[in-house]
$ cat target13.txt   # compact mmCIF, C-alpha atoms
# COMPACT_ATOMS: atom_id res chain seq x y z
CA MET A 291 -9.86 -11.83 -6.96
CA HIS A 292 -10.48 -15.24 -5.36
CA ILE A 293 -10.37 -17.96 -7.98
CA PRO A 294 -13.22 -20.50 -7.69
CA ASP A 295 -12.99 -24.20 -8.53
CA GLY A 296 -13.28 -24.94 -12.21
CA PHE A 297 -11.38 -22.02 -13.75
CA PHE A 298 -8.15 -24.02 -14.15
CA ASP A 299 -7.23 -27.55 -15.21
CA ALA A 300 -5.88 -29.97 -12.61
CA PRO A 301 -2.18 -29.86 -13.61
CA THR A 302 -2.08 -26.06 -13.31
CA SER A 303 -3.89 -26.11 -9.98
CA LEU A 304 -1.50 -28.78 -8.71
CA ALA A 305 1.57 -26.94 -9.95
CA ALA A 306 0.39 -23.76 -8.26
CA GLY A 307 -0.22 -25.79 -5.11
CA GLY A 308 3.38 -26.96 -5.29
CA VAL A 309 4.72 -23.43 -5.72
CA ALA A 310 2.53 -22.27 -2.83
CA ALA A 311 3.68 -25.12 -0.57
CA GLY A 312 7.34 -24.47 -1.40
CA THR A 313 6.99 -20.76 -0.69
CA LEU A 314 5.16 -21.47 2.57
CA ALA A 315 7.96 -23.80 3.68
CA VAL A 316 10.46 -21.00 3.15
CA ALA A 317 8.12 -18.52 4.84
CA VAL A 318 7.81 -20.75 7.90
CA ARG A 319 11.59 -21.11 8.16
CA ARG A 320 12.22 -17.41 7.73
CA THR A 321 9.49 -16.47 10.16
CA ARG A 322 10.93 -18.76 12.85
CA VAL A 323 14.24 -16.96 12.57
CA ALA A 324 13.04 -13.41 12.08
CA LEU A 325 9.77 -12.94 13.94
CA ASP A 326 10.18 -11.06 17.18
CA ASP A 327 7.84 -12.02 20.04
CA ARG A 328 6.62 -8.43 20.16
CA GLN A 329 5.50 -8.66 16.53
CA VAL A 330 3.18 -11.64 16.98
CA PRO A 331 0.16 -9.58 18.14
CA LEU A 332 0.66 -7.11 15.28
CA ALA A 333 1.02 -9.94 12.75
CA ALA A 334 -2.13 -11.69 13.96
CA LEU A 335 -4.02 -8.40 13.88
CA THR A 336 -2.70 -7.76 10.37
CA ALA A 337 -4.20 -11.07 9.20
CA ALA A 338 -7.55 -10.23 10.85
CA PHE A 339 -7.50 -6.72 9.37
CA VAL A 340 -6.87 -8.07 5.87
CA PHE A 341 -9.75 -10.53 6.32
CA ALA A 342 -12.05 -7.72 7.47
CA ALA A 343 -10.98 -5.30 4.74
CA GLN A 344 -11.61 -7.95 2.10
CA MET A 345 -15.24 -8.07 3.25
CA ALA A 346 -15.63 -4.34 2.79
CA ALA A 347 -15.72 -4.27 -1.00
CA PHE A 348 -15.79 -0.85 -2.60
CA PRO A 349 -17.28 0.04 -6.00
CA VAL A 350 -14.65 0.81 -8.64
CA ALA A 351 -16.50 1.20 -11.92
CA ALA A 352 -19.88 0.47 -13.41
CA GLY A 353 -20.84 -2.97 -12.19
CA THR A 354 -17.50 -3.87 -10.60
CA SER A 355 -16.21 -3.90 -7.05
CA GLY A 356 -12.79 -4.28 -5.52
CA HIS A 357 -11.35 -4.88 -2.11
CA LEU A 358 -8.02 -4.66 -0.36
CA LEU A 359 -5.75 -7.59 -1.18
CA GLY A 360 -3.38 -6.62 1.60
CA GLY A 361 -0.18 -8.29 0.44
CA VAL A 362 2.01 -5.20 0.50
CA LEU A 363 0.45 -3.89 3.71
CA ALA A 364 1.19 -7.16 5.50
CA ALA A 365 4.72 -7.41 4.07
CA VAL A 366 5.66 -3.86 5.08
CA LEU A 367 4.13 -4.20 8.55
CA VAL A 368 5.44 -7.61 9.60
CA GLY A 369 8.02 -8.54 6.97
CA PRO A 370 7.56 -10.27 3.62
CA TRP A 371 7.72 -13.89 4.82
CA THR A 372 5.47 -13.44 7.83
CA GLY A 373 3.21 -11.46 5.49
CA VAL A 374 2.93 -14.51 3.23
CA LEU A 375 1.81 -16.55 6.24
CA CYS A 376 -0.75 -13.88 7.25
CA LEU A 377 -2.25 -13.82 3.76
CA THR A 378 -2.31 -17.61 3.60
CA VAL A 379 -4.19 -17.80 6.90
CA VAL A 380 -6.74 -15.35 5.50
CA LEU A 381 -7.14 -17.33 2.27
CA GLY A 382 -7.38 -20.60 4.20
CA VAL A 383 -10.07 -19.27 6.54
CA GLN A 384 -12.01 -17.85 3.59
CA ALA A 385 -11.86 -21.08 1.60
CA LEU A 386 -12.55 -23.46 4.50
CA LEU A 387 -15.12 -21.51 6.50
CA PHE A 388 -16.67 -19.02 4.12
CA ALA A 389 -16.72 -21.03 0.88
CA ASP A 390 -14.84 -18.15 -0.78
CA GLY A 391 -12.07 -19.24 -3.14
CA GLY A 392 -12.12 -22.82 -4.41
CA LEU A 393 -10.44 -25.58 -2.42
CA THR A 394 -8.66 -26.80 -5.56
CA ALA A 395 -7.74 -23.17 -6.33
CA LEU A 396 -6.21 -22.47 -2.93
CA GLY A 397 -2.70 -22.89 -4.34
CA LEU A 398 -3.45 -20.50 -7.18
CA ASN A 399 -4.93 -17.96 -4.79
CA VAL A 400 -1.91 -18.18 -2.48
CA VAL A 401 0.41 -17.73 -5.46
CA ASN A 402 -1.47 -14.73 -6.84
CA LEU A 403 -2.28 -12.87 -3.64
CA ALA A 404 0.43 -13.86 -1.16
CA VAL A 405 3.40 -14.66 -3.40
CA VAL A 406 2.97 -12.36 -6.42
CA GLY A 407 0.99 -9.62 -4.65
CA GLY A 408 2.79 -9.87 -1.31
CA LEU A 409 6.38 -10.87 -2.05
CA GLY A 410 6.35 -9.29 -5.52
CA GLY A 411 4.77 -6.15 -4.14
CA TYR A 412 7.37 -6.04 -1.37
CA VAL A 413 10.15 -6.13 -3.96
CA LEU A 414 8.48 -3.15 -5.66
CA PHE A 415 8.32 -1.46 -2.25
CA LEU A 416 12.06 -1.98 -1.70
CA VAL A 417 12.90 -0.65 -5.15
CA LEU A 418 10.68 2.41 -4.70
CA ARG A 419 12.02 3.01 -1.19
CA GLY A 420 15.53 3.04 -2.64
CA LEU A 421 14.59 5.33 -5.51
CA LEU A 422 12.63 7.82 -3.42
CA ARG A 423 15.05 7.67 -0.48
CA GLY A 424 13.78 9.59 2.50
CA GLY A 425 12.84 8.54 6.00
CA ARG A 426 9.74 7.12 7.61
CA GLY A 427 7.59 10.06 6.58
CA ARG A 428 7.73 8.81 3.01
CA LEU A 429 6.88 5.21 3.79
CA PRO A 430 3.08 5.45 3.44
CA LEU A 431 3.55 7.00 -0.01
CA VAL A 432 6.13 4.40 -1.03
CA ALA A 433 4.06 1.48 0.28
CA GLY A 434 0.90 2.94 -1.28
CA LEU A 435 2.55 3.10 -4.70
CA ALA A 436 3.86 -0.46 -4.37
CA ALA A 437 0.43 -1.65 -3.20
CA PHE A 438 -1.20 0.09 -6.15
CA ALA A 439 1.13 -1.69 -8.60
CA SER A 440 0.82 -5.05 -6.84
CA VAL A 441 -2.85 -5.43 -7.84
CA PRO A 442 -2.37 -5.32 -11.63
CA LEU A 443 0.73 -7.47 -11.02
CA SER A 444 -1.49 -10.16 -9.46
CA ALA A 445 -3.93 -9.73 -12.32
CA ALA A 446 -1.10 -10.24 -14.80
CA ALA A 447 -0.08 -13.42 -12.96
CA PHE A 448 -3.65 -14.69 -13.27
CA THR A 449 -3.57 -14.01 -17.01
CA LEU A 450 -0.30 -15.88 -17.38
CA GLU A 451 -1.70 -18.85 -15.46
CA TYR A 452 -4.84 -18.78 -17.55
CA ALA A 453 -2.72 -18.93 -20.68
CA VAL A 454 -1.13 -22.10 -19.29
CA GLY A 455 -4.12 -23.92 -17.87
CA GLY A 456 -7.36 -21.98 -18.16
CA ALA A 457 -10.47 -24.12 -18.55
CA ALA A 458 -12.04 -22.21 -21.41
CA PRO A 459 -10.51 -20.85 -24.60
CA VAL A 460 -10.25 -17.06 -24.50
CA ASP A 461 -8.44 -14.38 -26.41
CA LEU A 462 -5.40 -13.87 -24.20
CA ALA A 463 -4.75 -10.30 -25.32
CA ASP A 464 -8.33 -9.39 -24.44
CA LEU A 465 -8.06 -11.19 -21.13
CA ALA A 466 -4.79 -9.43 -20.26
CA THR A 467 -6.22 -6.03 -21.16
CA ALA A 468 -9.40 -6.60 -19.16
CA MET A 469 -7.65 -8.09 -16.11
CA VAL A 470 -4.91 -5.48 -15.87
CA GLY A 471 -7.22 -2.59 -16.80
CA THR A 472 -9.83 -3.48 -14.19
CA HIS A 473 -7.23 -4.13 -11.53
CA VAL A 474 -5.43 -0.85 -12.10
CA LEU A 475 -8.66 0.77 -10.88
CA ILE A 476 -8.87 -1.56 -7.89
CA GLY A 477 -5.19 -0.85 -7.24
CA ILE A 478 -5.98 2.81 -6.55
CA GLY A 479 -8.10 1.72 -3.60
CA GLU A 480 -5.38 -0.71 -2.54
CA GLY A 481 -2.80 2.08 -2.54
CA VAL A 482 -4.93 4.52 -0.57
CA LEU A 483 -5.98 1.95 2.05
CA THR A 484 -2.41 0.66 2.43
CA ALA A 485 -1.00 4.17 2.87
CA CYS A 486 -3.67 5.06 5.47
CA ALA A 487 -3.30 1.87 7.50
CA LEU A 488 0.50 2.04 7.44
CA GLY A 489 0.44 5.73 8.37
CA ALA A 490 -1.70 4.95 11.42
CA VAL A 491 0.65 2.23 12.67
CA LEU A 492 3.75 4.33 11.94
CA ALA A 493 2.35 7.23 13.93
CA ALA A 494 1.90 5.06 17.01
CA ARG A 495 4.62 2.41 16.91
CA PRO A 496 7.17 2.98 14.14
CA ASP A 497 9.52 0.56 15.88
CA LEU A 498 7.19 -2.36 15.06
CA VAL A 499 7.02 -1.66 11.34
CA HIS A 500 9.31 -4.04 9.48
CA GLY A 501 9.61 -1.84 6.40
CA ALA A 502 10.74 1.13 8.52
CA ARG A 503 13.81 -0.56 9.96
CA GLY A 504 16.95 1.43 9.43
CA LEU A 505 15.02 4.58 8.59
CA ARG A 506 14.78 7.57 10.87
CA ALA A 507 11.81 9.78 11.46
CA GLY A 508 11.43 12.55 8.94
CA ALA A 509 10.95 12.70 5.24
CA ARG A 510 14.39 13.42 3.86
CA THR A 511 17.12 12.76 6.34
CA PRO A 512 19.48 9.89 5.70
CA ALA A 513 19.24 6.77 7.81
CA LEU A 514 20.89 6.80 11.20
CA PRO A 515 22.94 3.85 12.29
CA ALA A 516 21.45 1.44 14.82
CA GLY A 517 19.62 3.05 17.72
CA ASP A 518 16.77 5.43 17.34
CA GLU A 519 16.03 9.10 17.28
CA ARG A 520 15.40 9.29 21.01
CA ALA A 521 18.96 8.23 21.68
CA ALA A 522 20.30 10.60 19.07
CA GLY A 523 18.96 13.58 20.95
CA ALA A 524 18.61 15.76 17.89
CA ALA A 525 15.29 14.42 16.87
CA PRO A 526 12.39 15.87 18.88
CA GLY A 527 11.92 18.68 16.40
CA ALA A 528 12.26 16.37 13.45
CA VAL A 529 9.79 13.80 14.69
CA GLU A 530 6.72 15.98 14.80
CA PRO A 531 6.33 17.04 11.17
CA ALA A 532 6.88 13.50 9.95
CA GLU A 533 4.28 12.09 12.27
CA ALA A 534 1.86 14.86 11.42
CA ALA A 535 2.40 14.19 7.75
CA SER A 536 1.84 10.48 8.03
CA MET B 162 13.32 10.14 29.84
CA THR B 163 15.07 6.87 30.61
CA HIS B 164 14.99 3.90 28.31
CA ALA B 165 12.71 2.09 30.75
CA ASP B 166 10.23 4.97 30.62
CA ALA B 167 10.41 5.02 26.86
CA ALA B 168 9.78 1.28 26.69
CA ALA B 169 6.84 1.49 29.09
CA GLY B 170 5.40 4.41 27.16
CA SER B 171 5.69 2.63 23.85
CA GLY B 172 4.24 -0.52 25.44
CA ARG B 173 1.12 1.35 26.47
CA ARG B 174 0.95 2.99 23.09
CA GLY B 175 1.34 -0.44 21.56
CA LEU B 176 -1.64 -1.77 23.49
CA VAL B 177 -3.72 1.27 22.56
CA LEU B 178 -2.70 0.86 18.93
CA TRP B 179 -3.53 -2.84 18.99
CA LEU B 180 -6.97 -2.27 20.54
CA ALA B 181 -7.66 0.56 18.10
CA GLY B 182 -6.65 -1.73 15.25
CA LEU B 183 -8.90 -4.50 16.55
CA GLY B 184 -11.77 -2.03 16.88
CA THR B 185 -11.26 -0.83 13.30
CA THR B 186 -11.06 -4.43 12.11
CA LEU B 187 -14.32 -5.36 13.85
CA VAL B 188 -16.08 -2.28 12.51
CA LEU B 189 -14.95 -3.21 9.00
CA ALA B 190 -15.99 -6.85 9.30
CA ALA B 191 -19.16 -6.51 11.35
CA VAL B 192 -20.59 -3.15 10.27
CA LEU B 193 -19.12 -1.77 7.03
CA SER B 194 -19.23 -5.21 5.38
CA SER B 195 -23.04 -4.99 5.27
CA PHE B 196 -22.75 -1.84 3.22
CA ALA B 197 -20.08 -3.26 0.91
CA SER B 198 -20.57 -3.21 -2.82
CA ASP B 199 -22.61 -6.18 -4.08
CA GLU B 200 -21.18 -5.89 -7.57
CA PRO B 201 -18.96 -8.70 -8.87
CA ASP B 202 -15.28 -8.22 -8.04
CA GLY B 203 -12.67 -7.55 -10.71
CA LEU B 204 -12.04 -11.21 -11.53
CA GLU B 205 -15.75 -12.12 -11.67
CA ARG B 206 -16.47 -9.14 -13.87
CA VAL B 207 -13.68 -10.03 -16.29
CA ALA B 208 -14.65 -13.72 -16.26
CA ALA B 209 -18.23 -12.77 -17.11
CA ASP B 210 -17.15 -10.38 -19.86
CA GLN B 211 -14.72 -12.89 -21.34
CA GLY B 212 -17.26 -15.68 -21.15
CA PHE B 213 -15.67 -18.09 -18.70
CA LEU B 214 -17.53 -17.30 -15.48
CA ALA B 215 -19.77 -20.32 -16.17
CA GLU B 216 -16.72 -22.57 -15.74
CA ALA B 217 -16.84 -21.89 -11.99
CA ASP B 218 -18.08 -24.87 -9.99
CA GLU B 219 -20.10 -24.56 -6.87
CA HIS B 220 -17.88 -24.47 -3.81
CA ASP B 221 -17.48 -27.84 -2.07
CA LEU B 222 -18.37 -26.22 1.23
CA ALA B 223 -21.23 -24.09 -0.10
CA GLY B 224 -23.47 -25.58 2.58
CA SER B 225 -21.25 -24.58 5.49
CA PRO B 226 -22.87 -22.35 8.13
CA LEU B 227 -20.65 -19.38 7.21
CA ALA B 228 -20.80 -19.82 3.44
CA ASP B 229 -21.00 -16.56 1.50
CA TYR B 230 -20.32 -14.59 4.66
CA GLN B 231 -23.79 -15.20 6.08
CA LEU B 232 -24.21 -16.56 9.58
CA GLU B 233 -27.99 -16.97 9.62
CA VAL B 234 -28.94 -15.17 12.80
CA GLY B 235 -31.21 -12.42 11.57
CA ASP B 236 -31.68 -10.28 8.52
CA ASP B 237 -28.97 -10.01 5.87
CA ARG B 238 -27.08 -7.18 7.50
CA VAL B 239 -26.99 -8.87 10.89
CA SER B 240 -26.02 -12.19 9.30
CA THR B 241 -23.16 -10.60 7.36
CA GLY B 242 -21.97 -8.71 10.42
CA ALA B 243 -22.04 -11.83 12.58
CA ALA B 244 -20.14 -13.80 9.95
CA GLY B 245 -17.58 -11.00 9.72
CA ALA B 246 -17.07 -10.85 13.47
CA ALA B 247 -16.70 -14.64 13.59
CA GLY B 248 -14.17 -14.49 10.77
CA VAL B 249 -12.11 -11.86 12.59
CA VAL B 250 -12.02 -13.96 15.77
CA VAL B 251 -11.03 -17.10 13.83
CA THR B 252 -8.39 -15.34 11.71
CA LEU B 253 -6.91 -13.63 14.75
CA SER B 254 -6.79 -16.91 16.68
CA VAL B 255 -5.45 -19.07 13.87
CA GLY B 256 -2.90 -16.45 12.79
CA GLY B 257 -1.83 -15.66 16.32
CA GLY B 258 -1.67 -19.31 17.31
CA LEU B 259 0.35 -20.30 14.27
CA LEU B 260 2.84 -17.45 14.58
CA TRP B 261 3.14 -17.79 18.34
CA GLY B 262 3.78 -21.51 17.92
CA LEU B 263 6.46 -20.90 15.32
CA ARG B 264 8.07 -18.26 17.46
CA ARG B 265 8.04 -20.35 20.63
CA ARG B 266 9.48 -23.54 19.20
CA TRP B 267 12.46 -21.74 17.85
CA GLY B 268 12.73 -19.14 20.57
CA ARG B 269 14.10 -21.33 23.35
CA GLY B 270 17.81 -21.04 22.91
CA GLY B 271 17.43 -21.06 19.15
CA PRO B 272 19.74 -19.04 16.95
CA ALA B 273 17.16 -16.29 16.66
CA SER B 274 17.11 -15.12 20.29
CA PRO B 275 17.50 -11.38 19.89
CA PRO B 276 20.36 -9.88 21.87
CA GLY B 277 19.20 -8.01 24.95

$ encode --input "target13.txt" --output "structure tokens"
Amino acid sequence: MHIPDGFFDAPTSLAAGGVAAGTLAVAVRRTRVALDDRQVPLAALTAAFVFAAQMAAFPVAAGTSGHLLGGVLAAVLVGPWTGVLCLTVVLGVQALLFADGGLTALGLNVVNLAVVGGLGGYVLFLVLRGLLRGGRGRLPLVAGLAAFASVPLSAAAFTLEYAVGGAAPVDLADLATAMVGTHVLIGIGEGVLTACALGAVLAARPDLVHGARGLRAGARTPALPAGDERAAGAAPGAVEPAEAAS
Amino acid sequence: MTHADAAAGSGRRGLVLWLAGLGTTLVLAAVLSSFASDEPDGLERVAADQGFLAEADEHDLAGSPLADYQLEVGDDRVSTGAAGAAGVVVTLSVGGGLLWGLRRRWGRGGPASPPG
């Protein structure tokens, strides 16, 4: 999913660079205000995990592979704005050290993977979390569904950008069909990996998971006010099935 | 269980979780990456099918020592694994350093100091 140099004309690459820089400025400001000291190790590990998972490409169909993009996973774990920074660090390291993703396409890659996939995917996560209600036990499912959808969403963003400033003439309907179709398949892997990784963190330290704030343990119970289930006293029985399920 | 006990317990669990996560990350980057699919990814596949893959230019840093996830230290698997491990260390350091820096500069008496 990493765009190389040469796919887009200069104005489009520059414009995407501007959008990426603007979003990063907001992300830096929001992270300064919101990031808790205790979350820094988790956020750094999230970036490293996304880097590692992107190396472990899995086959999706004849002659095609996919890998975790990680935008929704990062956003749900450490918050959407810090997630944008995590993804940008990954993309920067890949482009500057590993010659993966063009230097002139860095803005486009940040827009597609961190902004559209991460922030856009997080909006999907919030909508789904609202629709499906439920407590923490449901979060891996909700995040997995949002992560699944975020991959074709990124692919659709690529198609839109290509319509604006792609280097070669293509049939846009064909391109859209191929991009979204292929990335729906890759999205299945994204959803499964996101649900598994989030489930593992939730089982150990639910208090660190940004997307779980305000939710109590369990699959159905309504959110408790501030405080947690330990203080509420009623929870020991309710905690176990949720953790076992996740 | 007092709150202090609970905090200490979750702190230990946090460290265990973090180390387990780091272990998983290193296994992914240094071991499983060598067995990753060599097929083109979704974008490359579509670009090839739609006839614009040839538009891609060679990367400006294609000659860098880690280019294409190969740190030439042995056979392909070892080289990929070494590059992956190096990438994890760099990403962890850059990410951690950046976020820690952001957190620190604002943390001293800034508006974000969490209560308690």

$ interface_residues --input "target13.txt" --of "chain B" --to "chain A" --cutoff "7 Å" --atoms "only C-alpha atoms" --output "MDAnalysis selection string"
chainID B and resid 174:175 178 183 186 189:190 193:194 197:198 200:204 206:207 211 213 216:218 220 222:223 225 227:230 245 249 252:253 256:257 260:261 263:264 267 273

$ atom_distance --input "target13.txt" --atom1 "CA of Gly481 in chain A" --atom2 "CA of Phe438 in chain A"
4.4 Å

$ atom_distance --input "target13.txt" --atom1 "CA of Pro430 in chain A" --atom2 "CA of Leu488 in chain A"
5.9 Å

$ atom_distance --input "target13.txt" --atom1 "CA of Leu398 in chain A" --atom2 "CA of Ala364 in chain A"
19.0 Å

$ residues_around --input "target13.txt" --residues "Val400 in chain A" --least-positions-apart "2" --cutoff "9 Å" --atoms "all atoms listed in the file" --output "list in words"
Ala306, Gly307, Ala310, Val374, Leu377, Thr378, Leu381, Gly382, Ala395, Leu396, Gly397, Leu398, Asn402, Leu403, Ala404, Val405 and Val406 of chain A

$ axis_aligned_box --input "target13.txt" --around "range 195-212 of chain B" --padding-each-side "4 Å" --output "JSON"
{"center_x": -17.5, "center_y": -8.8, "center_z": -8.0, "size_x": 19.0, "size_y": 21.8, "size_z": 34.6}

$ closest_residue --input "target13.txt" --among "B:Ala243, B:Val234, B:Pro226, B:Gly262" --to "Val188 in chain B" --atoms "all atoms listed in the file"
B:Ala243

$ residues_around --input "target13.txt" --residues "Val432 in chain A" --least-positions-apart "2" --cutoff "12 Å" --atoms "all atoms listed in the file" --output "number ranges by chain"
A: 362-363, 366, 411-430, 434-439, 481-482, 484-486, 488-489, 501-502, 509, 536
